[in-house]
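Chemist: Okay, here's the structure, questions in a sec.
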Amino acid sequence: MTSDKKTLREELEGQLADQLVSVEERLGETTIVVRAADMLEVLMQLRDAEELKFAQMSDLAGMDYSAYADEEWQGKRFAVVYHLLSLVHNRRLRVRIFADEDDFPVLSSVIGIWPGANWFEREAFDLFGIVFTGHPDLRRILTDYGFVGNPFRKDFPLSGHVEMRYDPEQQRVVYQPVTVEPREVTPRIVREENFGCH
Amino acid sequence: MPEIKNYTMNFGPQHPAAHGVLRLVLELDGEVIQRADPHIGLLHRGTEKLAEHKTFLQSVPYMDRLDYVSMMCNEHAYVQAIEKLTGIEVPLRAQYIRVMFDEITRVLNHLMWLGAHGLDIGAMTIFLYCFREREDLMDAYEAVSGARMHAAYYRPGGVYRDLPDSMPQYEASKIHNAAAVKKMNENRQGSLLDFLEDFTRRFPTYVDEYETLLTDNRIWKQRTVGIGIVTPERAIALGMTGPMLRGSGIEWDLRKKQPYAAYDKMDFDIPVGVNGDSYDRYLVRVEEMRQSNRIIKQCIDWLRVNPGPVMASNHKYSPPARESMKQNMEELIHHFKLFTEGMHVPAGEAYAAVEHPKGEFGIYLVSDGANKPYRLKIRAPGFAHLSCMDEMARGHMIADVVTIIGSQDIVFGEIDR
């Protein structure tokens, strides 16, 4: 397994060269970061190059790094993380691509490379507001019809903005601002490294 | 001649064959599907967002409620992701217990699927047969965790507790007299392992019964053969995994290819289909049940002769024994901190995937060193499968849509999350 991973890193560096922003190997997983401008070219190569052959896209996750480690996040706020799987070589690869603009994050759609990305991109659009250019049908997918906002962004409260109830006077379901107080049972704490270890 | 227009039909969300809350907007030409547009999200609970606001341990029960017919497999992926990030060593006995319950879960899932799928396309008896066997396996769940379904049995570092030495018994009631109860309790006299061993002895005959009902049944074949064909290349490109991929003839099973827990020590085969239609996927799943039975047997034999701990001993991540907690100050502090503040998972990211009964179930966990996940992404196999609905249903009749939904093994808990 170790020698196998070594070659993956070598392959990546050989094939993609200066298109790679960084390569990281940790916990037996390989992560590469690619610039948004190069993404389609790089991903196409990852799928087609004989030594890579990442024929399947297992997962696509939107990311909002704005509250990472409870500090001011220095880099770009939004990213999309692709998990690729090569069935031929039995290897996985994680590709992280940051969207250039924080206010209006845009990336290219990868439907042309992996058609299975369709709903995953709709999900990232719905929950994070990341727009994928070239997507044929970029609609909301998980949230309610007529939903406003991007619920998985870190500045969206857990309790949301609106709640729904039946109004007996109007005899229909109405939306109103939430009445529940936001509460935190267990506070979120980031400890310094090796806290409590001697 | 009047102009013929396409007809749009709404299927679900309150339809028994929609397997939950699927709303399918079908565009029809006569009775032929031109376009199928699934509307999902009616069961969206925001599990991933909720997990960001809970400690790592508090999210374990949420995992049960994702794919609510294969509870422990979901938990397995989640605890594996935490174990990967923290580097906890899981005791071997716990790994065997996990494998055994993963396979019990697989049988549970496939039985549920077979019964419901049969019912959807016109076979009534199979449903009753399948639910008869599910009852025994749910009892195994209950014996080990106290809950028939939402077990929360796998914990980071192992499993909640060791297998019990006795099984709960039926008691006489108005409906069952003492003699009937005695008969019902016959295979519950020993430990959980005895009970399961008895089950594994009986189960192959039951699978034969299902196959007698369906495999060569003319109606069954007319409803499933040639319906929803997926070519192997297309299956990979569309992100299909599990029986959907194997039904198309690709031998890919994470239990063999990227073994986790104790799967590398198990002897079993991977069934694959030939044509990639609904009938092949049915055959694959039925054979998987037989293979699961084989794995359960191997686990029982191993677990009988290898006692040992079932939880890691690092109390930064796993709770100390109740007894020592009562007597030892250090243990008491560990216990208190673990159940109030929760464990701190080192900063980093990990992707852990398991061969879930429905396909590849993955957890992408990002931690920034806090006592709660920074981001949890659930890769649900059903999500990828349902997204192929349009492609698979095009050109088929309305009645075939039901077959295709059934053969995708859709459960909304995991798709909508």
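Simple scheme: letters A, B, ... for chains in structure tokens order, numbers from 1 for residues in each chain, numbers from 1 for ligands in the order shown.
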Using DSSP on the backbone coordinates, identify all residues within region 5-172 of chain B classified as helix (DSSP H, G or I); present the result as a ChimeraX atom specification.
Modeler: /B:16-18,47-52,57-64,71-86,92-120,125-145
Chemist: Would you please extract all strand (DSSP E) residues from region 249-351 of chain B, as assigned by DSSP on the backbone, and give them as a PyMOL selection string?
Modeler: chain B and resi 348-351
Chemist: Those same residues, written as a JSON list (two decimals), in the first residue's frame with N, CA and C atoms?
Modeler:
[["chain", "number", "residue", "atom", "x", "y", "z"],
["B", 348, "GLY", "N", -7.82, 17.83, 10.86],
["B", 348, "GLY", "CA", -7.51, 17.08, 9.65],
["B", 348, "GLY", "C", -8.78, 16.66, 8.96],
["B", 349, "GLU", "N", -8.62, 15.88, 7.92],
["B", 349, "GLU", "CA", -9.80, 15.41, 7.20],
["B", 349, "GLU", "C", -9.62, 13.93, 6.86],
["B", 350, "ALA", "N", -10.72, 13.22, 6.80],
["B", 350, "ALA", "CA", -10.65, 11.79, 6.49],
["B", 350, "ALA", "C", -11.90, 11.39, 5.74],
["B", 351, "TYR", "N", -11.74, 10.45, 4.84],
["B", 351, "TYR", "CA", -12.89, 9.88, 4.13],
["B", 351, "TYR", "C", -12.90, 8.40, 4.43]]
Chemist: Show me, as a VMD selection string, every residue of chain B with an atom at most 9 Å from chain A, counting only C-alpha atoms.
Modeler: chain B and resid 39 to 44 46 48 to 50 53 to 55 84 to 85 87 234 236 to 241 252 257 to 258 340 to 342 344 346 to 351 360 362 364 367 to 372 374 to 375 377 to 380 383 to 385 387 to 388 416 to 417
Chemist: Can you tell me, as a list in words, what residues are no more than 7 Å from Thr105 (chain B) when counting only C-alpha atoms, ignoring any on the same chain fewer than 3 positions away?
Modeler: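 Residues near the query, excluding close chain neighbours: Ser70, Met72, Cys73, Phe101, Asp102, Leu108 and Asn109 of chain B.
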Chemist: List as a ChimeraX atom specification the protein and nucleic acid residues near region 9-14 of chain A, meaning an atom at most 8 Å away when only C-alpha atoms are counted, but skip any in the same chain fewer than 4 places from it.
Modeler: /A:5,20,23,30,51-52
Chemist: Tell me, as a tab-separated table (two decimals) with C-alpha atoms, in the first residue's frame, which residues lie within 7 Å of Arg394 (chain B), counting only C-alpha atoms; anything in the same chain fewer than 6 positions away does not count.
Modeler:
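Saved file part_3.tsv follows:
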chain	number	residue	atom	x	y	z
B	33	ILE	CA	-41.74	7.78	-20.03
B	34	GLN	CA	-40.12	10.69	-21.87
B	35	ARG	CA	-38.54	12.27	-18.84
Chemist: Neighbouring residues of Ile296 (chain B) were defined as those with any atom within 8 Å, considering only C-alpha atoms; residues of the same chain fewer than 4 positions away were excluded. Please report them as a PDB file with N, CA, C and O atoms, in the first residue's frame.
Modeler:
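After the write, selection.pdb holds the following:
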ATOM      1  N   VAL B  99     -18.128  -6.775  12.039  1.00  0.00           N
ATOM      2  CA  VAL B  99     -18.350  -7.479  10.776  1.00  0.00           C
ATOM      3  C   VAL B  99     -19.618  -8.317  10.866  1.00  0.00           C
ATOM      4  O   VAL B  99     -20.450  -8.322   9.951  1.00  0.00           O
ATOM      5  N   MET B 100     -19.791  -8.996  11.985  1.00  0.00           N
ATOM      6  CA  MET B 100     -20.975  -9.843  12.134  1.00  0.00           C
ATOM      7  C   MET B 100     -22.242  -8.995  12.042  1.00  0.00           C
ATOM      8  O   MET B 100     -23.180  -9.342  11.314  1.00  0.00           O
ATOM      9  N   GLU B 103     -23.040  -7.709   8.588  1.00  0.00           N
ATOM     10  CA  GLU B 103     -23.661  -8.701   7.710  1.00  0.00           C
ATOM     11  C   GLU B 103     -25.101  -8.982   8.122  1.00  0.00           C
ATOM     12  O   GLU B 103     -25.964  -9.185   7.269  1.00  0.00           O
ATOM     13  N   ILE B 104     -25.359  -8.979   9.432  1.00  0.00           N
ATOM     14  CA  ILE B 104     -26.748  -9.104   9.883  1.00  0.00           C
ATOM     15  C   ILE B 104     -27.565  -7.959   9.292  1.00  0.00           C
ATOM     16  O   ILE B 104     -28.670  -8.136   8.792  1.00  0.00           O
ATOM     17  N   THR B 200     -28.416 -19.005  11.350  1.00  0.00           N
ATOM     18  CA  THR B 200     -27.623 -19.240  10.136  1.00  0.00           C
ATOM     19  C   THR B 200     -27.854 -20.649   9.594  1.00  0.00           C
ATOM     20  O   THR B 200     -27.689 -20.879   8.409  1.00  0.00           O
ATOM     21  N   SER B 292     -23.564 -13.399   3.024  1.00  0.00           N
ATOM     22  CA  SER B 292     -23.579 -12.787   4.353  1.00  0.00           C
ATOM     23  C   SER B 292     -23.748 -13.856   5.417  1.00  0.00           C
ATOM     24  O   SER B 292     -23.116 -13.808   6.466  1.00  0.00           O
ATOM     25  N   ILE B 300     -19.233 -16.050  14.106  1.00  0.00           N
ATOM     26  CA  ILE B 300     -19.697 -16.738  15.310  1.00  0.00           C
ATOM     27  C   ILE B 300     -18.613 -17.689  15.810  1.00  0.00           C
ATOM     28  O   ILE B 300     -18.279 -17.710  16.995  1.00  0.00           O
TER      29      ILE B 300
END
